[in-house]
Amino acid sequence: MELISVDAEKCKKDGLCVLECPTRALALDASGGPVVTDAVICNACGHCVAVCPHGALVNAKVEAVNPASGVRGNLNSWPAPEAVDGLLLGRRSIRAYKEKPLARELMEELLDVARYAPTASNVQEIRWIVTVDPAKVRELAALTAAWFAGDNSRPVLTRYAALWKGGLDVYLRGAPALAVIHTEAEMRFGAADTGIALTFLELAAVSRGLGTCWAGLLTFAANGDAALRAALGVPEGHVVHGGLMLGYPKARYAGVPPRNPVQARWL
């Protein structure tokens with residue numbers, strides 16, 4: 001099967017598919033229509049199909065593309081800048097959660113959004129480990145606590161160990177749900193790809209009224225503790241790049257805390 005099939009009646013020869021092809025697997029022929037220059041370098045990003053407003057292209061490497069109306073709203077109708085800025089500035093790291101479970105269906109919805117996060121060369125090799133079982137989160141917190149228990153080199157860890165013994169979870173904060181992200185160790189841009197995907201997941205969660213917090217201590221322990229890796233089911237040769245606690249926040253913030261000024265060198 002040819003990489004690209006073009007409906008000649010629908011194609012308006014506007015060149016959008018060629019313009020947006022990141023690998024230049026497409027070019028314009030003498031008539032102004034798209035032609036494949038090298039099928040091997042096509043990375044199946046789907047941009048050629050998605051950008052065509054006429055539905056004139058089919059790419060053999062790409063599944064059917066959702067229309068601009070989408071399944072959850074109009075892709076051509078963006079929120080106002082004030083709304084987006086409010087979401088970004090108002091997001092806080094939540095460390096106190098209600099004892100309210102997070103529905104699996106909601107977590108699946110968040111993961112479905114996060115899978116659209118960009119990855120280098122469209123490799124899409126991100127993997128998730130997810131639970132909406134508060135007891136499982138508590139078990140993972142206990143394993144994380146055990147991993148850090150013997151480290152007395154930093155005062156904060158000694159303090160955390162004491163708080164844990166006193167019944168306060170400072171590792172996963174009593175969150176009812178957790179999402180952990182990992183890739184094969186040799187993935188060159190694994191850290192960047194997973195960071196973007198976690199951010200997608202976080203912002204999708206916050207927009208739905210959830211609170212989140214990045215699980216740095218669990219992430220660190222998961223790359224050094226065999227017991228925690230086994231409990232998570234991290235495959236051999238994979239690196240855990242991050243984790244996200246999720247749940248319904250006990251408190252809502254009334255303001256945005258200050259941050260340092262931007263440090264940028266203009267060229």
# chains A, B, ... in the order shown; residues from 1 in each chain; ligands from 1

$ closest_atom_pairs --of "region 82-124 of chain A" --to "region 187-200 of chain A" --cutoff "10 Å" --atoms "only C-alpha atoms" --output "JSON lines"
{"residue": "A:Leu110", "atom": "CA", "partner": "A:Phe200", "partner_atom": "CA", "distance": 8.5}
{"residue": "A:Leu111", "atom": "CA", "partner": "A:Phe200", "partner_atom": "CA", "distance": 8.9}
{"residue": "A:Val113", "atom": "CA", "partner": "A:Phe200", "partner_atom": "CA", "distance": 7.2}
{"residue": "A:Ala114", "atom": "CA", "partner": "A:Phe200", "partner_atom": "CA", "distance": 5.2}
{"residue": "A:Arg115", "atom": "CA", "partner": "A:Ala197", "partner_atom": "CA", "distance": 7.0}
{"residue": "A:Tyr116", "atom": "CA", "partner": "A:Ala197", "partner_atom": "CA", "distance": 8.0}
{"residue": "A:Ala117", "atom": "CA", "partner": "A:Ala197", "partner_atom": "CA", "distance": 5.2}
{"residue": "A:Pro118", "atom": "CA", "partner": "A:Asp193", "partner_atom": "CA", "distance": 7.0}
{"residue": "A:Thr119", "atom": "CA", "partner": "A:Asp193", "partner_atom": "CA", "distance": 5.1}
{"residue": "A:Ala120", "atom": "CA", "partner": "A:Phe189", "partner_atom": "CA", "distance": 6.5}
{"residue": "A:Ser121", "atom": "CA", "partner": "A:Phe189", "partner_atom": "CA", "distance": 9.6}
{"residue": "A:Asn122", "atom": "CA", "partner": "A:Asp193", "partner_atom": "CA", "distance": 9.8}
{"residue": "A:Val123", "atom": "CA", "partner": "A:Met187", "partner_atom": "CA", "distance": 9.4}
{"residue": "A:Gln124", "atom": "CA", "partner": "A:Asp193", "partner_atom": "CA", "distance": 8.6}

$ residues_around --residues "region 157-166 of chain A" --least-positions-apart "3" --cutoff "12 Å" --atoms "only C-alpha atoms" --output "number ranges by chain"
A: 138, 141-154, 169-174, 217

$ select_by_dssp --residues "region 41-215 of chain A" --states "alpha helix (DSSP H)" --output "PyMOL selection string"
chain A and resi 47-51+81-90+104-114+134-149+155-165+190-207

$ residues_around --residues "Ala64 (chain A)" --least-positions-apart "5" --cutoff "9 Å" --atoms "only C-alpha atoms" --output "mmCIF file with N, CA and C atoms, in the first residue's frame"
data_model
loop_
_atom_site.group_PDB
_atom_site.id
_atom_site.type_symbol
_atom_site.label_atom_id
_atom_site.label_comp_id
_atom_site.auth_asym_id
_atom_site.auth_seq_id
_atom_site.Cartn_x
_atom_site.Cartn_y
_atom_site.Cartn_z
ATOM 1 N N VAL A 49 -2.313 14.571 7.598
ATOM 2 C CA VAL A 49 -3.743 14.248 7.557
ATOM 3 C C VAL A 49 -4.546 15.244 8.375
ATOM 4 N N VAL A 58 -4.979 10.261 2.998
ATOM 5 C CA VAL A 58 -4.925 9.087 3.865
ATOM 6 C C VAL A 58 -3.464 8.678 3.944
ATOM 7 N N ASN A 59 -2.962 8.528 5.166
ATOM 8 C CA ASN A 59 -1.588 8.089 5.395
ATOM 9 C C ASN A 59 -1.636 6.657 5.921
#

$ closest_residue --among "A:Leu232, A:Lys136, A:Pro101, A:Gly237" --to "Thr219 (chain A)" --atoms "only C-alpha atoms"
A:Leu232
